[in-house]
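To keep things clear, I will list the structure first and then write my remarks on it.
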Protein chains: 2
Amino acid sequence: MELAKTPEIKEPVYRWDEKAIKQIVRDMGLKVTQQRLTILECILRGRDHITAQELYEAVQAKDPNLGFATVYRFLKQLTEQEYVSEVRMGGLPARYEWARKKSHHDHLTCKQCGSICEFENQQIEDLQEAIAKSFGYILTSHVLELYGICPECQKEDGILPGTKNFS
Amino acid sequence: MELAKTPEIKEPVYRWDEKAIKQIVRDMGLKVTQQRLTILECILRGRDHITAQELYEAVQAKDPNLGFATVYRFLKQLTEQEYVSEVRMGGLPARYEWARKKSHHDHLTCKQCGSICEFENQQIEDLQEAIAKSFGYILTSHVLELYGICPECQKEDGILPGTKNFS
DNA sequence: TTATAATTGAGAACCATTATTATTTAGTTG
DNA sequence: CAACTAAATAATAATGGTTCTCAATTATAA
Ligand SMILES: [Mn+2]
Ligand SMILES: [Mn+2]
Ligand SMILES: [Zn+2]
Ligand SMILES: [Zn+2]
């Protein structure tokens with residue numbers, strides 16, 4: 001199931017205790033509110049590559065009063081300050097991941113079931129730089145998303161299209 | 001201004017006369033309607049990397065009755081049958097280009113003014129294949145978009161952020 | 001020409017995201 | 001601790017791109 005040959009350098013979960021989480025919010029120059037702590041907990045301890053909607057649902061479980069806009073607002077701030085990074089695939093809703101526990105990577109997504117592999121490839125990164133330079137551009141960012149059919153879905157001939165486990 | 005070191009193999013414009021355009025629609029297995037001819041004319045003779053909205057406006061100039069949904073509908077069919085390809089950048093509106101006059105390419109976009117360079121790089125394509133294979137995936141498609149600052153905008157220190165010429 | 005299935009235009013619906021605003025609250029200052 | 005103020009929140013409306021619905025129209029095959 002978990003075929004992610006990830007290059008992720010995962011910091012252990014206990015790194016993210018109450019105190020550490022509060023410190024993140026302070027470091028961001030924002031007020032420490034229970035809402036922000038709850039949202040951060042869900043991001044740090046929940047699934048990776050989460051959508052705003054999914055995050056909202058996770059957060060709801062802990063605090064049913066926590067509003068919808070608050071999740072989006074805070075997600076935006078986290079993205080701006082590069083605590084999380086936003087992964088956009090086609091016209092689909094954006095997905096978010098904690099950016100500071102992994103090095104830069106791109107994604108390979110199964111079109112059938114949605115499972116995601118992370119990879120990094122310095123050769124491609126270098127080629128991108130070279131291309132930009134050849135046009136006289138200063139490269140500031142890039143999006144590289146690969147789509148395909150994962151080994152699981154190749155086997156089963158893909159009759160489980162609703163599974164969608166964006167791991 | 002036009003710095004696009006494009007690899008495009010442009011077929012001359014006169015290739016797209018009335019007859020040829022009608023034939024495209026027939027080849028698609030669709031009925032030949034004046035609306036579809038008008039839309040195709042605008043795609044084939046108009047600017048490249050056009051948005052649905054821009055296309056709609058171009059089409060409006062020729063036929064003010066031609067509806068909005070018709071443009072989207074036909075664009076989708078064209079995309080499905082790979083007559084045009086859809087380029088999505090982040091959360092921005094999709095842009096479309098006639099896919100059958102150029103070979104596959106990716107895009108380098110200026111964040112400031114929006115000008116687009118097209119490039120193809122077989123090395124990157126090969127690496128993508130290799131990555132997918134290494135995870136056991138069958139690669140079906142990919143998105144590679146580079147973003148940066150174009151030479152023009154580097155000069156002028158970028159005080160013309162509204163220019164947006166998605167060439 | 002007729003029959004019929006495809007196409008159209010208008011507008012409603014949709015969905016992710018952002019903006020607005022009145023109310024509440026965190027953090028500071030005394 | 002109490003008072004103050006700027007920041008944050010929840011609810012809700014608005015937005016913008018895109019898709020859907022459906023009654024009316026039209027292209028094509030027989
Ligand atoms: Mn990732
Ligand atoms: Mn192009
Ligand atoms: Zn799969
Ligand atoms: Zn530029």
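Identifiers in the structure tokens: chain A, B, ... in order shown; residue index from 1 per chain; ligand index from 1 in order shown.
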
Which residues, written as a PyMOL selection string, have at least one atom at most 8 Å from DT8 (chain C), with only C-alpha atoms (C1' of nucleotides) counted and residues fewer than 4 positions away on the same chain left out?
(chain B and resi 67+70) or (chain D and resi 25)

At a cut-off of 10 Å and counting only C-alpha atoms (C1' of nucleotides) and all ligand atoms, what residues surround ligand 1? Please answer as a ChimeraX atom specification.
/A:6-8,48-50,85-87,95-99,102-108,116-119,167

Kindly assemble as a tab-separated table a list of the chain B residues that lie within 8 Å of ligand 4, each paired with its nearest atom pair and their distance in Å to one decimal, using only C-alpha atoms and all ligand atoms, sorted first by chain and then by ascending residue number.
residue	atom	partner	partner_atom_place_in_ligand_line	distance
B:Thr109	CA	ligand 4	1 (Zn)	8.0
B:Cys110	CA	ligand 4	1 (Zn)	4.6
B:Lys111	CA	ligand 4	1 (Zn)	6.5
B:Gln112	CA	ligand 4	1 (Zn)	4.8
B:Cys113	CA	ligand 4	1 (Zn)	4.0
B:Gly114	CA	ligand 4	1 (Zn)	5.9
B:Ser115	CA	ligand 4	1 (Zn)	5.8
B:Ile149	CA	ligand 4	1 (Zn)	5.5
B:Cys150	CA	ligand 4	1 (Zn)	4.3
B:Pro151	CA	ligand 4	1 (Zn)	6.7
B:Glu152	CA	ligand 4	1 (Zn)	5.6
B:Cys153	CA	ligand 4	1 (Zn)	4.4
B:Gln154	CA	ligand 4	1 (Zn)	7.4
B:Gly158	CA	ligand 4	1 (Zn)	7.6
B:Lys164	CA	ligand 4	1 (Zn)	7.9

As a ChimeraX atom specification, please: the residues near DA8 (chain D) (cut-off 10 Å, only C-alpha atoms (C1' of nucleotides), same-chain neighbours under 3 positions excluded).
/A:30-33,35,70 /C:24-26

Could you write out the selected residues, including N, CA, C and O atoms (P, O5', C5', C4', C3', O3' and C1' of nucleotides), as an mmCIF file, in the first residue's frame?
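Below is the file that was written, again_21.cif:
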data_model
loop_
_atom_site.group_PDB
_atom_site.id
_atom_site.type_symbol
_atom_site.label_atom_id
_atom_site.label_comp_id
_atom_site.auth_asym_id
_atom_site.auth_seq_id
_atom_site.Cartn_x
_atom_site.Cartn_y
_atom_site.Cartn_z
ATOM 1 N N LEU A 30 2.429 36.149 15.077
ATOM 2 C CA LEU A 30 0.975 36.186 15.219
ATOM 3 C C LEU A 30 0.596 35.891 16.659
ATOM 4 O O LEU A 30 1.389 35.344 17.427
ATOM 5 N N LYS A 31 -0.609 36.237 16.982
ATOM 6 C CA LYS A 31 -1.087 35.938 18.327
ATOM 7 C C LYS A 31 -1.363 34.451 18.478
ATOM 8 O O LYS A 31 -1.824 33.798 17.538
ATOM 9 N N VAL A 32 -1.076 33.962 19.665
ATOM 10 C CA VAL A 32 -1.306 32.549 19.938
ATOM 11 C C VAL A 32 -2.760 32.351 20.342
ATOM 12 O O VAL A 32 -3.156 32.730 21.433
ATOM 13 N N THR A 33 -3.526 31.777 19.451
ATOM 14 C CA THR A 33 -4.930 31.500 19.770
ATOM 15 C C THR A 33 -5.141 29.997 19.769
ATOM 16 O O THR A 33 -4.376 29.248 19.156
ATOM 17 N N GLN A 35 -7.394 28.452 18.299
ATOM 18 C CA GLN A 35 -7.704 28.041 16.930
ATOM 19 C C GLN A 35 -6.442 27.699 16.160
ATOM 20 O O GLN A 35 -6.352 26.648 15.524
ATOM 21 N N THR A 70 -11.193 30.698 9.117
ATOM 22 C CA THR A 70 -9.986 30.721 9.941
ATOM 23 C C THR A 70 -8.957 29.726 9.424
ATOM 24 O O THR A 70 -7.760 30.016 9.396
ATOM 25 P P DT C 24 -19.634 39.261 21.496
ATOM 26 O "O5'" DT C 24 -18.131 38.723 21.463
ATOM 27 C "C5'" DT C 24 -17.863 37.493 20.778
ATOM 28 C "C4'" DT C 24 -16.372 37.264 20.789
ATOM 29 C "C3'" DT C 24 -15.748 37.172 22.181
ATOM 30 O "O3'" DT C 24 -15.045 35.946 22.226
ATOM 31 C "C1'" DT C 24 -14.492 38.619 20.794
ATOM 32 P P DT C 25 -14.326 35.467 23.539
ATOM 33 O "O5'" DT C 25 -12.809 35.874 23.275
ATOM 34 C "C5'" DT C 25 -12.173 35.385 22.110
ATOM 35 C "C4'" DT C 25 -10.785 35.970 22.037
ATOM 36 C "C3'" DT C 25 -10.003 35.886 23.351
ATOM 37 O "O3'" DT C 25 -8.728 35.417 23.026
ATOM 38 C "C1'" DT C 25 -9.903 38.061 22.488
ATOM 39 P P DA C 26 -7.841 34.675 24.103
ATOM 40 O "O5'" DA C 26 -6.383 35.130 23.658
ATOM 41 C "C5'" DA C 26 -6.057 35.135 22.261
ATOM 42 C "C4'" DA C 26 -4.862 36.042 22.029
ATOM 43 C "C3'" DA C 26 -3.735 35.880 23.022
ATOM 44 O "O3'" DA C 26 -2.521 35.994 22.298
ATOM 45 C "C1'" DA C 26 -4.619 38.087 23.178
#

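With only C-alpha atoms (C1' of nucleotides) taken into account, chain D has DG17, DT18, DT19, DT26, DA27 and DT28 of chain D at most 9 Å from chain B.
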
Would you output that residue set with N, CA and C atoms (P, O5', C5', C4', C3', O3' and C1' of nucleotides), as a tab-separated table (two decimals), in the first residue's frame?
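Result file is out-v1.tsv:
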chain	number	residue	atom	x	y	z
D	17	DG	P	-12.22	34.64	-13.60
D	17	DG	O5'	-12.01	33.11	-13.99
D	17	DG	C5'	-11.13	32.30	-13.23
D	17	DG	C4'	-11.68	30.89	-13.20
D	17	DG	C3'	-12.03	30.34	-14.58
D	17	DG	O3'	-11.41	29.07	-14.73
D	17	DG	C1'	-13.84	30.06	-13.10
D	18	DT	P	-11.39	28.33	-16.14
D	18	DT	O5'	-12.63	27.35	-15.98
D	18	DT	C5'	-12.60	26.40	-14.90
D	18	DT	C4'	-13.98	25.81	-14.73
D	18	DT	C3'	-14.55	25.12	-15.97
D	18	DT	O3'	-14.49	23.72	-15.73
D	18	DT	C1'	-16.19	26.33	-14.74
D	19	DT	P	-15.00	22.71	-16.82
D	19	DT	O5'	-16.48	22.40	-16.30
D	19	DT	C5'	-16.63	21.96	-14.97
D	19	DT	C4'	-18.11	21.80	-14.67
D	19	DT	C3'	-18.87	20.93	-15.68
D	19	DT	O3'	-19.60	19.99	-14.92
D	19	DT	C1'	-19.99	22.98	-15.34
D	26	DT	P	-32.44	27.77	-35.42
D	26	DT	O5'	-31.63	26.42	-35.69
D	26	DT	C5'	-30.43	26.19	-34.96
D	26	DT	C4'	-29.83	24.89	-35.43
D	26	DT	C3'	-29.91	24.68	-36.94
D	26	DT	O3'	-28.67	24.14	-37.33
D	26	DT	C1'	-30.80	22.83	-35.85
D	27	DA	P	-28.12	24.29	-38.82
D	27	DA	O5'	-27.29	22.95	-38.92
D	27	DA	C5'	-26.42	22.60	-37.84
D	27	DA	C4'	-26.11	21.12	-37.90
D	27	DA	C3'	-25.74	20.59	-39.27
D	27	DA	O3'	-24.69	19.66	-39.07
D	27	DA	C1'	-27.72	19.51	-38.51
D	28	DT	P	-23.92	18.99	-40.28
D	28	DT	O5'	-24.75	17.64	-40.51
D	28	DT	C5'	-24.52	16.56	-39.64
D	28	DT	C4'	-25.59	15.52	-39.85
D	28	DT	C3'	-25.55	14.81	-41.21
D	28	DT	O3'	-25.18	13.47	-40.95
D	28	DT	C1'	-27.76	15.30	-40.53

Could you check which of A:Gln123, A:Thr51, A:Gln128, A:Gln23 is closest to chain C, using only C-alpha atoms (C1' of nucleotides)?
A:Thr51

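One finds CA of Val143 (chain A) at 5.1 Å from CA of Glu145 (chain B).
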
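The part of chain C that reaches within 10 Å of chain A is made up of DC15, DA16, DT17, DT18, DT25, DA26 and DG27 of chain C, counting only C-alpha atoms (C1' of nucleotides).
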
Export, as an mmCIF file, in the first residue's frame, the selected residues with C-alpha atoms (C1' of nucleotides).
data_model
loop_
_atom_site.group_PDB
_atom_site.id
_atom_site.type_symbol
_atom_site.label_atom_id
_atom_site.label_comp_id
_atom_site.auth_asym_id
_atom_site.auth_seq_id
_atom_site.Cartn_x
_atom_site.Cartn_y
_atom_site.Cartn_z
ATOM 1 C "C1'" DC C 15 -16.905 24.683 -5.715
ATOM 2 C "C1'" DA C 16 -12.785 26.479 -3.950
ATOM 3 C "C1'" DT C 17 -11.334 30.479 -2.191
ATOM 4 C "C1'" DT C 18 -11.469 35.367 -0.469
ATOM 5 C "C1'" DT C 25 -9.903 38.061 22.488
ATOM 6 C "C1'" DA C 26 -4.619 38.087 23.178
ATOM 7 C "C1'" DG C 27 -1.150 40.610 24.705
#

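Of the listed residues B:Ile131, B:Val84, B:Gly136, B:Ile124, the one whose atoms come nearest to ligand 2 is B:Val84, with distances taken using only C-alpha atoms and all ligand atoms.
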
Distance CA of Leu75 (chain A)-atom 1 (Zn, counted along the ligand's line) of ligand 3, one decimal place?
27.9 Å
